[in-house]
Amino acid sequence: MDAIQSLLAGFDTALTPMNLLWALIGVTLGTLVGVLPGIGPALTVALLLPVTAKLPPVSAFIMFAGIYYGGMFGGSTTSILLNTPGESSSIITALEGNKMARKGRAAAALATAAIGSFIAGTIGTILLTFAAPAIADIAVQIPPGAKFALILLAFVTISATFGGSPLRGLISLLFGLAIGLVGTDLQSGQARFTLGFPELLDGIEFVTVVIGLFAVGETLYVASRLRKGGANVIKLAGNARMNREDWRRSWKPWLRGTALGFPFGAVPAGGAEIPTFLSYTLEKKLSKHPEEFGQGAIEGVAGPEAANNAAAAGVLVPLLTLGLPTSATAAILLAAFQQYGLQPGPLLFITNTDLVWGLIASLYIGNVMLLALNLPLAPVWARLLLIPRPFLYAAILVFSTVGVYSLNNSVFDLYLLALFGVIGYGMRRFDFPVTPAIIGVVLGPAAESLFRTAMQQSSGDVGALLRQPLTAFLLLVVLAALVVPQVLKVRARRQSTQP
Amino acid sequence: MTDLPPPSPARVTPSVPDLLVALGVLLLGGLLLWGTLQIPFGINAVIGPRAFPLIVSVGLLGLGTALLVAVLRGHRAEPAAEEDTDPDAPVDLRQPALILGGFVLGALVLQPLGFVLGTALMYVSVGAAFGERRWPLLVGVGLAVALVTYVVFTRGLGLTLPPGVLRGVL
């Protein structure tokens, strides 16, 4: 299929006035939730799922895509002006950008983050445009066993390879898988783990799990150890802009950050943290002023921000072509597709051409809108950081209640929400990452179904999985992803203890 | 696991909360295993509805054991650092309890009293837990947020939310 022709058709879909409006609503909401603490793009899409049930899928996804990209732009504003990274991929921006802001260079830091995000997002989207159909063509031929192995690979890399503690990541993943088991087994019709509640026969809505773990858990946790005194927001005078020197020092880090970020997002290994850290280290090595790093070097904001956004575009490749989410937001998007009765994967490019290409075209449009929203309006977003916390968190809880209640008009779901809120509190208190649990809830049923299909095709012979070359190779990679990081850590520790 | 502190010559006392979490993971795994064995076998299926839950529950039991061992050797969890939290602030569990209490009470009255009053109750409890003491302002904003949300979501987006005592007024 000719990607450029399909993309032009996609622009036809995305450029209708209604869809442009949805894109604008999406990027505005996305920037808003990126700026505000306590909510992220994953949670926002989850909150909006019940609300958008009456919207045509193309419009809904155009809005979701705007929220997804917008969240990345907004996050950098908070990191720079408040020195509080909303997610781990913004840690570097907070580190270096906040130092710049403290020196009175907030406008330049915000501008290099926004323009870098725009460039990385646009290049990432171009790469997505050409990579996705090519991968989809190959992906059609993947057998169920290998698909199961791919999901396993995503599970392991997301929970065990890159997190702080592999053990805690895996426990979180299995907890999510256990939640996914509740309800009626689709293949045999057996009820599982319903504890006699008829409300649980249809399973637990993942929206309830997501909102409980993210929003309610966060609210409870923040309340338990609230920072006293107002937030220390750095004042921003005027628009976000850069001088000639800033441009000269920024453009190479933008491109290098993009080159690092996209592949890391695109492989089903997950996470924008690794490429942002890599980009930071690379810029520090290449810089003529390495002494400025840690004191507010503009390269240290430009590179990681670009890497962050390119990774976000990259994440859409496995999501759209394989149905494999590698971040919490991508998992929610996958669930959103399922809500519309769509299954992301290679067939989506054939069966829902309009939707896929309209979505991709809207990413280009969204990026332009975000640049326009973020440079001149930076002071407006900065003001949002001054919303008093009691009113902000209280409003988040009310919206969470609407989102969950309106799924089934059931108060039972609200009690479940409270339960998952307490669990989300516990996960923060005891350092369990939330993302693996979300991925487990969303992908668990697909993993089980693929596993059983593969087993039935081989009449229950597990060895057949190992005789299929692609499956065997992927399972080997899974094993390596579990073992190799541990071996490296043990070796590093030995070396540090032996002089 | 990998993030253990280096073994010290002195005997380490395991942290009690961490111990409870590890036991909780084991308990969850055990309950899942017990529940798995209650699932009837599927008919005409090579791999029935039991197989996958079995993997999950045994996995949880294994990982729970690993966590228990780590905690007994002195491992402690590091509480997460969030945007609005102060890692050095004393933990005050009364505030989350206030939020939960307000939430459950709000959910209880959601049907009889209606969405607006129910969620306004939740709003006020969260605001109070976050230290807001200007009660008239808090209650006023809570009612306004609940009312605007109700109108926007029912009129604008066609959702059904319980009107309760405001039936006929709205």
# chains A, B, ... in the order shown; residues from 1 in each chain; ligands from 1
call {"tool": "residues_around", "arguments": {"residues": "region 455-471 of chain A", "least_positions_apart": "3", "cutoff": "10 Å", "atoms": "only C-alpha atoms", "output": "PyMOL selection string"}}
result
(chain A and resi 142-150+449-452+474-477) or (chain B and resi 45-47)
call {"tool": "interface_residues", "arguments": {"of": "chain A", "to": "chain B", "cutoff": "6 Å", "atoms": "only C-alpha atoms", "output": "JSON, numbers by chain"}}
result
{"A": [84, 188, 220, 222, 223, 224, 225, 226, 227, 390, 391, 394, 398, 428, 429, 430, 431, 452, 456, 460]}
call {"tool": "residues_around", "arguments": {"residues": "Leu397 (chain A)", "least_positions_apart": "4", "cutoff": "7 Å", "atoms": "only C-alpha atoms", "output": "MDAnalysis selection string"}}
result
chainID A and resid 216 393 401
call {"tool": "closest_residue", "arguments": {"among": "B:Thr65, B:Leu166, B:Trp135, B:Leu19", "to": "Leu167 (chain A)", "atoms": "only C-alpha atoms"}}
result
B:Thr65
call {"tool": "residues_around", "arguments": {"residues": "Leu128 (chain A)", "least_positions_apart": "5", "cutoff": "12 Å", "atoms": "only C-alpha atoms", "output": "PyMOL selection string"}}
result
chain A and resi 3-4+7+120-123+133-136+262-263+265-266+310-321+356-357+359-361+363-364
call {"tool": "select_by_dssp", "arguments": {"residues": "region 277-429 of chain A", "states": "helix (DSSP H, G or I)", "output": "PyMOL selection string"}}
result
chain A and resi 277-286+290-292+299-322+328-339+348-351+353-384+389-408+411-429
call {"tool": "atom_distance", "arguments": {"atom1": "CA of Ala215 (chain A)", "atom2": "CA of Arg389 (chain A)"}}
result
14.0 Å
call {"tool": "closest_residue", "arguments": {"among": "A:Leu375, A:Leu334, A:Ala132, A:Ala191", "to": "Thr77 (chain A)", "atoms": "only C-alpha atoms"}}
result
A:Leu375
